[in-house]
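Participant: Contents of model-v1.cif (mmCIF, C-alpha atoms) are given next:
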```
data_my_file
#
loop_
_atom_site.label_atom_id
_atom_site.label_comp_id
_atom_site.auth_asym_id
_atom_site.auth_seq_id
_atom_site.Cartn_x
_atom_site.Cartn_y
_atom_site.Cartn_z
CA MET A 108 13.85 11.13 -9.67
CA ARG A 109 13.45 10.36 -13.37
CA TRP A 110 16.09 7.61 -13.16
CA TRP A 111 14.44 6.22 -10.03
CA SER A 112 11.02 6.19 -11.72
CA VAL A 113 12.41 4.37 -14.77
CA ALA A 114 14.13 1.82 -12.51
CA ASN A 115 10.94 1.29 -10.52
CA PHE A 116 8.92 0.82 -13.69
CA VAL A 117 11.32 -1.86 -14.91
CA SER A 118 11.32 -3.55 -11.49
CA ASN A 119 7.52 -3.43 -11.13
CA ALA A 120 7.04 -4.89 -14.60
CA GLY A 121 9.43 -7.72 -13.74
CA THR A 122 7.77 -8.35 -10.37
CA TRP A 123 4.26 -8.54 -11.82
CA MET A 124 5.52 -10.77 -14.61
CA GLN A 125 7.01 -13.14 -12.03
CA LEU A 126 3.86 -13.10 -9.87
CA THR A 127 1.72 -13.96 -12.89
CA VAL A 128 4.07 -16.74 -13.97
CA GLN A 129 4.34 -18.05 -10.40
CA ASN A 130 0.60 -18.59 -10.19
CA LEU A 131 0.67 -20.46 -13.51
CA LEU A 132 3.67 -22.48 -12.32
CA VAL A 133 1.94 -23.57 -9.11
CA LEU A 134 -1.10 -24.63 -11.11
CA GLN A 135 1.18 -26.57 -13.46
CA ILE A 136 2.95 -28.34 -10.57
CA THR A 137 -0.07 -29.09 -8.38
CA GLY A 138 -3.17 -28.54 -10.50
CA SER A 139 -4.75 -26.93 -7.42
CA ALA A 140 -6.18 -23.42 -7.15
CA ALA A 141 -5.95 -23.73 -3.36
CA ALA A 142 -2.19 -24.31 -3.63
CA THR A 143 -1.92 -21.15 -5.74
CA GLY A 144 -3.60 -19.14 -3.01
CA LEU A 145 -1.37 -20.78 -0.43
CA SER A 146 1.79 -19.70 -2.28
CA MET A 147 0.55 -16.11 -2.31
CA SER A 148 -0.21 -16.26 1.41
CA VAL A 149 3.21 -17.74 2.19
CA GLN A 150 4.87 -14.84 0.38
CA ALA A 151 2.72 -12.27 2.20
CA ALA A 152 2.84 -13.88 5.67
CA PRO A 153 6.36 -12.72 6.71
CA ALA A 154 5.15 -9.12 6.63
CA LEU A 155 2.69 -9.93 9.42
CA PHE A 156 5.48 -10.65 11.90
CA MET A 157 8.61 -9.07 10.45
CA SER A 158 7.54 -5.72 8.96
CA VAL A 159 8.30 -3.93 12.23
CA LEU A 160 11.80 -5.44 12.21
CA GLY A 161 12.27 -4.44 8.58
CA GLY A 162 11.19 -0.88 9.34
CA ALA A 163 13.62 -0.68 12.24
CA ALA A 164 16.42 -1.87 9.94
CA VAL A 165 15.58 0.89 7.47
CA ASP A 166 15.83 3.50 10.25
CA ARG A 167 19.15 2.11 11.52
CA TRP A 168 21.02 1.51 8.25
CA PRO A 169 21.93 3.91 5.39
CA ARG A 170 18.89 4.00 3.15
CA LYS A 171 20.67 3.69 -0.21
CA VAL A 172 22.76 0.74 0.96
CA THR A 173 19.70 -0.97 2.43
CA ALA A 174 17.67 -0.55 -0.76
CA ALA A 175 20.56 -1.69 -2.99
CA VAL A 176 21.28 -4.82 -0.91
CA SER A 177 17.60 -5.80 -0.66
CA GLN A 178 17.13 -5.38 -4.42
CA ALA A 179 20.22 -7.49 -5.11
CA LEU A 180 18.96 -10.23 -2.77
CA LEU A 181 15.56 -10.26 -4.49
CA GLY A 182 17.39 -10.60 -7.80
CA LEU A 183 19.38 -13.54 -6.41
CA VAL A 184 16.16 -15.31 -5.38
CA ALA A 185 14.69 -14.74 -8.86
CA PHE A 186 17.81 -16.13 -10.57
CA THR A 187 17.83 -19.14 -8.22
CA THR A 188 14.22 -19.89 -9.13
CA ALA A 189 15.02 -19.53 -12.84
CA VAL A 190 17.85 -22.07 -12.56
CA LEU A 191 15.66 -24.55 -10.68
CA VAL A 192 12.89 -24.21 -13.27
CA ALA A 193 15.35 -24.60 -16.17
CA LEU A 194 16.80 -27.77 -14.59
CA ASP A 195 13.30 -29.09 -13.80
CA MET A 196 14.23 -29.27 -10.11
CA LEU A 197 11.57 -26.93 -8.70
CA ASP A 198 8.97 -28.66 -6.55
CA MET A 199 6.24 -27.22 -4.37
CA THR A 200 8.38 -27.25 -1.21
CA SER A 201 11.26 -25.29 -2.72
CA LEU A 202 8.81 -22.87 -4.35
CA MET A 203 7.20 -22.17 -0.98
CA VAL A 204 10.59 -21.64 0.66
CA LEU A 205 11.64 -19.19 -2.06
CA ALA A 206 8.30 -17.38 -1.74
CA ALA A 207 8.81 -17.04 2.03
CA VAL A 208 12.37 -15.74 1.52
CA THR A 209 11.07 -13.20 -1.01
CA GLY A 210 8.42 -12.02 1.43
CA THR A 211 10.99 -11.68 4.21
CA ILE A 212 13.36 -9.57 2.10
CA ALA A 213 10.40 -7.43 0.99
CA THR A 214 9.76 -6.36 4.60
CA VAL A 215 13.00 -4.37 4.36
CA ASP A 216 12.91 -3.53 0.66
CA GLY A 217 9.43 -1.98 0.69
CA PRO A 218 9.98 0.84 3.22
CA ALA A 219 13.59 1.37 2.09
CA CYS A 220 12.64 1.99 -1.55
CA ALA A 221 9.55 4.05 -0.63
CA LEU A 222 11.51 6.41 1.61
CA LEU A 223 14.47 6.56 -0.77
CA GLY A 224 12.16 7.89 -3.47
CA ASN A 225 10.92 10.61 -1.10
CA ASP A 226 14.52 11.70 -0.44
CA LEU A 227 14.92 12.62 -4.09
CA VAL A 228 12.46 15.53 -4.01
CA PRO A 229 11.90 18.56 -1.74
CA VAL A 230 9.47 18.08 1.14
CA GLU A 231 6.66 19.97 -0.57
CA ASP A 232 6.85 17.64 -3.58
CA VAL A 233 6.64 14.36 -1.63
CA PRO A 234 2.89 13.87 -2.36
CA SER A 235 3.66 14.28 -6.06
CA ALA A 236 6.53 11.80 -5.80
CA ILE A 237 4.17 9.29 -4.15
CA GLY A 238 1.66 9.86 -6.95
CA VAL A 239 4.36 9.23 -9.54
CA GLY A 240 5.26 6.03 -7.67
CA ALA A 241 1.62 4.89 -7.81
CA LEU A 242 1.52 5.69 -11.53
CA VAL A 243 4.69 3.68 -12.13
CA HIS A 244 3.30 0.79 -10.05
CA ASN A 245 0.06 0.58 -12.05
CA ALA A 246 1.81 0.95 -15.39
CA GLY A 247 4.34 -1.73 -14.41
CA ARG A 248 1.50 -4.02 -13.38
CA LEU A 249 -0.18 -3.71 -16.78
CA VAL A 250 3.05 -4.22 -18.71
CA GLY A 251 4.26 -7.06 -16.48
CA ALA A 252 1.02 -9.04 -16.76
CA ALA A 253 1.10 -8.65 -20.55
CA LEU A 254 4.79 -9.61 -20.81
CA ALA A 255 4.24 -12.73 -18.71
CA GLY A 256 2.22 -14.49 -21.39
CA VAL A 257 4.55 -13.41 -24.20
CA THR A 258 7.71 -14.42 -22.33
CA VAL A 259 6.39 -17.83 -21.28
CA GLY A 260 5.05 -18.48 -24.79
CA PHE A 261 8.29 -17.70 -26.62
CA LEU A 262 11.09 -18.23 -24.07
CA GLY A 263 9.66 -20.38 -21.28
CA THR A 264 8.92 -19.95 -17.57
CA ALA A 265 12.58 -19.78 -16.50
CA ALA A 266 13.10 -16.74 -18.76
CA ALA A 267 10.39 -14.81 -16.90
CA TYR A 268 12.17 -15.35 -13.56
CA ALA A 269 15.53 -14.45 -15.12
CA ALA A 270 14.05 -11.25 -16.56
CA ASN A 271 12.77 -10.29 -13.12
CA GLY A 272 16.25 -10.93 -11.68
CA LEU A 273 17.73 -8.58 -14.29
CA SER A 274 15.16 -5.92 -13.39
CA PHE A 275 16.31 -6.02 -9.75
CA LEU A 276 19.94 -5.74 -10.81
CA PHE A 277 19.04 -2.68 -12.91
CA VAL A 278 17.59 -0.97 -9.82
CA THR A 279 20.66 -1.96 -7.80
CA ALA A 280 22.90 -0.37 -10.42
CA VAL A 281 20.91 2.89 -10.47
CA ILE A 282 20.77 3.44 -6.67
CA PRO A 283 24.44 4.48 -6.14
CA PHE A 284 24.00 7.38 -8.58
CA LEU A 285 20.94 8.85 -6.83
CA ARG A 286 21.39 12.09 -4.88
CA PRO A 287 18.92 13.63 -2.38
CA ALA A 288 17.27 16.82 -3.58
CA ALA A 289 17.92 20.15 -1.89
CA GLY A 290 15.42 20.53 0.95
CA ALA A 291 14.60 16.81 1.09
CA ALA A 292 13.55 15.40 4.48
CA VAL A 293 16.39 12.88 4.69
CA ARG A 294 16.81 10.46 7.58
CA ALA A 295 18.11 11.87 10.82
CA VAL A 296 21.69 11.04 11.83
CA ALA A 297 21.96 7.79 13.75
CA PRO A 298 21.81 8.26 17.53
CA ARG A 299 25.03 8.59 19.49
CA ALA A 300 26.33 5.92 21.81
CA GLY A 301 24.07 5.53 24.81
CA LYS A 302 21.04 6.71 22.83
CA ARG A 303 20.20 3.44 21.07
CA ASP A 304 16.82 3.34 22.82
CA ASP A 305 15.73 6.02 20.37
CA MET A 306 15.93 3.42 17.60
CA THR A 307 13.86 0.65 19.18
CA ILE A 308 10.83 -1.00 17.60
CA ARG A 309 8.82 -0.03 20.69
CA GLU A 310 9.28 3.65 19.89
CA GLY A 311 7.78 3.15 16.43
CA LEU A 312 4.81 1.26 17.86
CA ALA A 313 4.27 3.89 20.56
CA PHE A 314 4.45 6.74 18.06
CA PHE A 315 1.85 5.08 15.83
CA ALA A 316 -0.50 4.34 18.74
CA ARG A 317 -0.24 7.92 20.09
CA ARG A 318 -1.06 9.60 16.77
CA PRO A 319 -4.86 9.83 16.39
CA ARG A 320 -4.59 10.65 12.68
CA LEU A 321 -2.54 7.51 12.00
CA VAL A 322 -4.96 5.37 14.02
CA ALA A 323 -7.86 6.94 12.11
CA LEU A 324 -6.05 6.29 8.82
CA ALA A 325 -5.61 2.65 9.82
CA GLY A 326 -9.31 2.39 10.64
CA VAL A 327 -10.46 3.95 7.36
CA THR A 328 -8.09 1.83 5.30
CA GLY A 329 -8.96 -1.32 7.20
CA ILE A 330 -12.72 -1.00 6.83
CA SER A 331 -12.26 -0.25 3.14
CA ALA A 332 -9.90 -3.20 2.63
CA VAL A 333 -12.26 -5.70 4.27
CA PHE A 334 -15.65 -4.59 2.94
CA GLY A 335 -14.65 -2.85 -0.27
CA ARG A 336 -11.88 -2.67 -2.80
CA ASN A 337 -11.34 -6.41 -3.38
CA TYR A 338 -12.79 -5.87 -6.84
CA GLY A 339 -10.76 -8.70 -8.34
CA LEU A 340 -12.95 -11.01 -6.24
CA THR A 341 -16.34 -9.28 -5.99
CA LEU A 342 -16.55 -7.98 -9.56
CA ALA A 343 -15.32 -11.29 -10.96
CA VAL A 344 -18.23 -13.10 -9.29
CA LEU A 345 -20.69 -10.35 -10.29
CA VAL A 346 -19.62 -10.32 -13.94
CA THR A 347 -19.52 -14.08 -14.41
CA GLY A 348 -22.65 -14.64 -12.30
CA PRO A 349 -25.64 -12.24 -12.27
CA LEU A 350 -24.41 -10.26 -15.31
CA ALA A 351 -23.80 -13.48 -17.30
CA GLY A 352 -20.45 -12.37 -18.67
CA GLY A 353 -17.46 -14.55 -19.43
CA PRO A 354 -13.72 -14.31 -18.77
CA SER A 355 -13.33 -11.80 -21.59
CA ALA A 356 -15.93 -9.52 -19.98
CA PHE A 357 -14.08 -9.62 -16.69
CA GLY A 358 -10.86 -8.95 -18.59
CA THR A 359 -12.46 -5.76 -19.89
CA VAL A 360 -13.50 -4.78 -16.36
CA SER A 361 -9.95 -5.44 -15.12
CA THR A 362 -8.52 -3.26 -17.88
CA VAL A 363 -10.85 -0.39 -16.96
CA LEU A 364 -9.83 -0.80 -13.31
CA ALA A 365 -6.17 -0.54 -14.29
CA VAL A 366 -6.79 2.54 -16.43
CA GLY A 367 -8.70 4.14 -13.56
CA GLY A 368 -5.80 3.37 -11.23
CA ILE A 369 -3.41 5.20 -13.57
CA LEU A 370 -5.73 8.21 -13.87
CA GLY A 371 -6.14 8.29 -10.09
CA ALA A 372 -2.38 8.22 -9.61
CA VAL A 373 -2.03 11.22 -11.92
CA LEU A 374 -4.69 13.11 -9.97
CA GLY A 375 -3.21 12.04 -6.64
CA ALA A 376 0.16 13.43 -7.68
CA ARG A 377 -1.42 16.88 -7.77
CA LEU A 378 -2.42 16.80 -4.10
CA ARG A 379 -0.44 19.38 -2.18
CA ARG A 380 -1.88 18.85 1.29
CA PRO A 381 -3.21 15.30 1.64
CA SER A 382 -5.02 14.53 4.89
CA VAL A 383 -6.91 11.76 6.64
CA ARG A 384 -10.14 13.69 5.97
CA ILE A 385 -9.49 13.48 2.22
CA VAL A 386 -8.76 9.77 2.52
CA GLY A 387 -11.97 9.17 4.49
CA THR A 388 -14.11 11.25 2.12
CA LEU A 389 -12.79 9.39 -0.91
CA ALA A 390 -13.19 6.01 0.80
CA ALA A 391 -16.82 6.82 1.67
CA ALA A 392 -17.44 7.95 -1.92
CA GLY A 393 -15.92 4.70 -3.14
CA GLY A 394 -18.25 2.76 -0.85
CA LEU A 395 -21.30 4.53 -2.30
CA LEU A 396 -20.08 3.87 -5.85
CA GLN A 397 -19.69 0.23 -4.86
CA VAL A 398 -23.33 0.15 -3.74
CA VAL A 399 -24.48 1.44 -7.12
CA ALA A 400 -22.15 -1.01 -8.90
CA GLY A 401 -23.73 -3.87 -6.99
CA LEU A 402 -27.12 -2.84 -8.38
CA SER A 403 -25.87 -2.57 -11.99
CA PRO A 404 -28.46 -4.03 -14.39
CA SER A 405 -25.93 -4.67 -17.16
CA LEU A 406 -22.24 -4.94 -17.94
CA ALA A 407 -22.30 -1.58 -19.75
CA VAL A 408 -23.55 0.22 -16.63
CA LEU A 409 -20.94 -1.56 -14.52
CA LEU A 410 -18.14 -0.43 -16.86
CA VAL A 411 -19.30 3.18 -16.49
CA LEU A 412 -19.07 2.87 -12.69
CA VAL A 413 -15.81 0.92 -12.53
CA LEU A 414 -13.68 3.79 -13.84
CA PRO A 415 -14.59 6.33 -11.08
CA MET A 416 -14.36 3.53 -8.49
CA ALA A 417 -10.75 2.88 -9.52
CA VAL A 418 -9.92 6.59 -9.69
CA VAL A 419 -11.30 7.25 -6.20
CA GLU A 420 -9.43 4.25 -4.77
CA SER A 421 -6.14 5.31 -6.37
CA VAL A 422 -6.35 8.94 -5.21
CA SER A 423 -7.31 7.78 -1.72
CA ASP A 424 -4.33 5.41 -1.59
CA THR A 425 -1.96 8.14 -2.76
CA ALA A 426 -3.25 10.58 -0.14
CA GLY A 427 -3.05 7.97 2.62
CA THR A 428 0.50 7.01 1.69
CA ALA A 429 1.54 10.66 1.71
CA VAL A 430 0.09 11.14 5.21
CA LEU A 431 1.75 7.95 6.43
CA GLN A 432 5.19 8.84 5.10
CA ASN A 433 5.13 12.54 6.04
CA ASP A 434 3.55 12.44 9.49
CA PRO A 435 6.40 10.78 11.47
CA PRO A 436 9.75 12.53 11.98
CA PRO A 437 12.44 11.32 9.54
CA HIS A 438 14.18 9.03 12.03
CA LEU A 439 10.93 7.13 12.73
CA ARG A 440 9.50 6.71 9.24
CA GLY A 441 10.91 3.27 8.59
CA ARG A 442 9.43 1.84 11.79
CA VAL A 443 6.06 3.51 11.20
CA LEU A 444 5.97 2.00 7.72
CA GLY A 445 6.90 -1.32 9.32
CA VAL A 446 3.95 -1.11 11.71
CA TRP A 447 1.73 -0.21 8.77
CA GLY A 448 3.03 -3.22 6.83
CA SER A 449 2.02 -5.58 9.64
CA ILE A 450 -1.44 -4.01 9.91
CA GLY A 451 -1.93 -4.11 6.14
CA THR A 452 -0.99 -7.79 6.03
CA VAL A 453 -3.79 -8.57 8.49
CA TRP A 454 -6.26 -6.93 6.11
CA SER A 455 -4.85 -8.58 2.99
CA LEU A 456 -4.94 -12.04 4.59
CA GLY A 457 -8.28 -11.67 6.38
CA GLY A 458 -10.22 -9.46 3.97
CA PRO A 459 -10.76 -11.87 1.03
CA PRO A 460 -11.98 -14.80 3.19
CA ALA A 461 -14.38 -12.49 5.08
CA LEU A 462 -15.65 -11.03 1.82
CA GLY A 463 -15.97 -14.52 0.34
CA LEU A 464 -18.12 -15.57 3.30
CA LEU A 465 -20.28 -12.47 2.84
CA MET A 466 -20.79 -13.38 -0.83
CA GLU A 467 -21.77 -16.90 0.17
CA LEU A 468 -24.43 -15.47 2.50
CA ALA A 469 -25.69 -12.50 0.48
CA GLY A 470 -24.55 -13.18 -3.10
CA PRO A 471 -22.27 -10.90 -5.13
CA ARG A 472 -24.79 -8.06 -5.37
CA GLY A 473 -25.62 -8.24 -1.68
CA ALA A 474 -21.93 -8.32 -0.76
CA LEU A 475 -21.14 -5.23 -2.84
CA VAL A 476 -24.15 -3.30 -1.52
CA THR A 477 -23.68 -4.36 2.11
CA GLY A 478 -19.93 -3.77 2.02
CA GLY A 479 -20.29 -0.35 0.43
CA LEU A 480 -22.88 0.73 3.00
CA VAL A 481 -20.69 -0.51 5.87
CA VAL A 482 -17.73 1.49 4.54
CA ALA A 483 -19.69 4.71 3.97
CA THR A 484 -21.70 4.64 7.22
CA THR A 485 -18.73 3.68 9.40
CA ILE A 486 -16.61 6.52 8.06
CA ALA A 487 -19.51 8.98 8.38
CA ALA A 488 -20.17 7.87 11.98
CA GLY A 489 -16.49 8.26 12.82
CA HIS A 490 -16.49 11.78 11.41
CA VAL A 491 -19.58 12.73 13.44
CA LEU A 492 -18.08 11.33 16.66
CA ARG A 493 -14.82 13.16 16.07
CA THR A 494 -16.64 16.43 15.43
CA ARG A 495 -18.60 16.12 18.68
CA ARG A 496 -15.44 15.41 20.67
CA ILE A 497 -13.63 18.53 19.50
CA PRO A 498 -13.74 20.97 22.46
CA ARG A 499 -15.26 24.39 21.90
CA PRO A 500 -12.88 27.30 22.57
CA VAL A 501 -13.43 29.25 25.81
CA GLN A 502 -14.22 32.96 25.39
CA LEU A 503 -12.00 35.07 27.60
CA PRO A 504 -13.30 38.41 28.98
CA THR A 505 -12.82 41.31 26.64
CA ARG A 506 -13.24 44.05 29.29
CA PRO A 507 -11.88 44.39 32.84
CA GLY A 508 -14.25 42.85 35.38
CA GLU A 509 -16.23 40.87 32.77
CA GLU A 510 -17.12 37.36 33.92
CA ILE A 511 -15.72 34.32 32.05
CA PRO A 512 -18.61 32.17 30.69
CA GLY A 513 -18.69 28.76 32.35
CA ARG A 514 -16.28 29.71 35.16
CA GLU A 515 -17.94 27.27 37.59
CA ALA A 516 -17.63 24.35 35.17
CA LEU A 517 -14.03 25.27 34.43
CA GLY A 518 -13.23 25.40 38.14
CA THR A 519 -14.78 21.99 38.72
CA ALA A 520 -12.82 20.52 35.80
CA ALA A 521 -9.61 22.02 37.13
#
```
Would you give me this structure, written as structure tokens?

Facilitator:
Amino acid sequence: MRWWSVANFVSNAGTWMQLTVQNLLVLQITGSAAATGLSMSVQAAPALFMSVLGGAAVDRWPRKVTAAVSQALLGLVAFTTAVLVALDMLDMTSLMVLAAVTGTIATVDGPACALLGNDLVPVEDVPSAIGVGALVHNAGRLVGAALAGVTVGFLGTAAAYAANGLSFLFVTAVIPFLRPAAGAAVRAVAPRAGKRDDMTIREGLAFFARRPRLVALAGVTGISAVFGRNYGLTLAVLVTGPLAGGPSAFGTVSTVLAVGGILGAVLGARLRRPSVRIVGTLAAAGGLLQVVAGLSPSLAVLLVLVLPMAVVESVSDTAGTAVLQNDPPPHLRGRVLGVWGSIGTVWSLGGPPALGLLMELAGPRGALVTGGLVVATTIAAGHVLRTRRIPRPVQLPTRPGEEIPGREALGTAA
């Protein structure tokens, strides 16, 4: 697990360095911010249609082989991009094609690497392993974004892509030496001949749809993703607008958000029994904090609120991921993660435009306040409805001849 965490940190740092450089590269080629957003959407779009296929592949194929091959392919794409940049042959069309190929490979790589990490620890330690993964992700994001500027400044854009390719090869080299921990919930043996229907995409979709807690988790996460969370957008407009701060002020806010994400990952790793109720409670608390943040009279007050907002979001994400990865049986986890990837892509593609429209109508403060209230009240209403729908237990007679309360109603129902 230590080797896997180190490999993931290196890979995450390389990935975030490439993403940062890619945005700068698109701006350099086109001079258009819209084209930059389009490149990000092109890379994310394959998950909308192909995540369920990627999850099915993870359930069918040996997990270590799948993760190693997908990492090697991502490294090949990064090296190809580096060569094209070095030869000054990269245009917008080829960049979009490479972004789409990267997004397609990621539909397999994401669930494969997530579940492989869970195989390295006993079942009771999976929430901690997910928390460690979140910690590594946030730390890699900070380091990668910082290295991007340094690498481009001293070595050039092609070097950043080449470094990311090397980071993928490092992960590929580590994977063969990983061994599942004793008591790990490893993938079930592949079905025997004549039982291939057990491995269909339909089974994963049906399992997800029949699990109320997974549907509830999707609802909580979706409402939070659309009306909250997108702090890179809402707080940027709030800081540079009503609070009259500049880019440096928003840089400070972004740093505090990243620090809060790391602290939240550490706290999330200590969860022993994560549940949808915990996720919903934290999401509602985050919505209320967002309301207060939208009313912040100064940048100093906003900075005080940003840290707990990031902590709550990170712990909620860790708990939700633990529920998602632990709830299905081992042979279905890849497909369930695939379904989740498709749902999450809908939120990531549709959330920012919806939130941007809300800011156009209500301003940054109004968008934060309205969005936070929608998140908190929706989750609270869902909890109340669920509580009312839980049936009350029937009291059976304690003495011979004693009448059962509500016998007539029970007979009618039967």

Participant: When distances are computed from only C-alpha atoms, which of A:Thr477, A:Asn225, A:Ser449, A:Asn245 shows the smallest separation from Lys171 of chain A?

Facilitator: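 With only C-alpha atoms as the atom set, the closest residue is A:Asn225.
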
Participant: Just so the selection is clear, what residues does the PyMOL selection byres ((chain A and resi 276) around 12) cover here, as an MDAnalysis selection string?

Facilitator: chainID A and resid 114:115 117:118 121 174:186 269:275 277:282

Participant: Expressed in Å to a single decimal, how great is the separation between atom CA of Asn433 of chain A and atom CA of Ala236 of chain A?

Facilitator: 11.9 Å

Participant: Identify which of the residues A:Val422, A:Leu406, A:Val481, A:Val322 lies closest to Gly348 of chain A, counting only C-alpha atoms when measuring atom-to-atom distances.

Facilitator: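 Among the listed residues, A:Leu406 lies closest to Gly348 of chain A.
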
Participant: Fewer than 6 positions away in the same chain doesn't count, so skip those; otherwise give me all residues within 12 Å of Ser355 of chain A, counting only C-alpha atoms, as a ChimeraX atom specification.

Facilitator: /A:343,346-347,361-362,406

Participant: Let me make sure I understand: among A:Arg309, A:Ser158, A:Trp111, A:Pro287, which one has the smallest atom-to-atom distance to Val243 of chain A if we use only C-alpha atoms?

Facilitator: A:Trp111

Participant: Between A:Val399, A:Leu285, A:Val190, A:Ala246, which one has atoms that come closest to Ala266 of chain A, using all atoms listed in the file?

Facilitator: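 Comparing A:Val399, A:Leu285, A:Val190, A:Ala246 against Ala266 of chain A, the winner is A:Val190.
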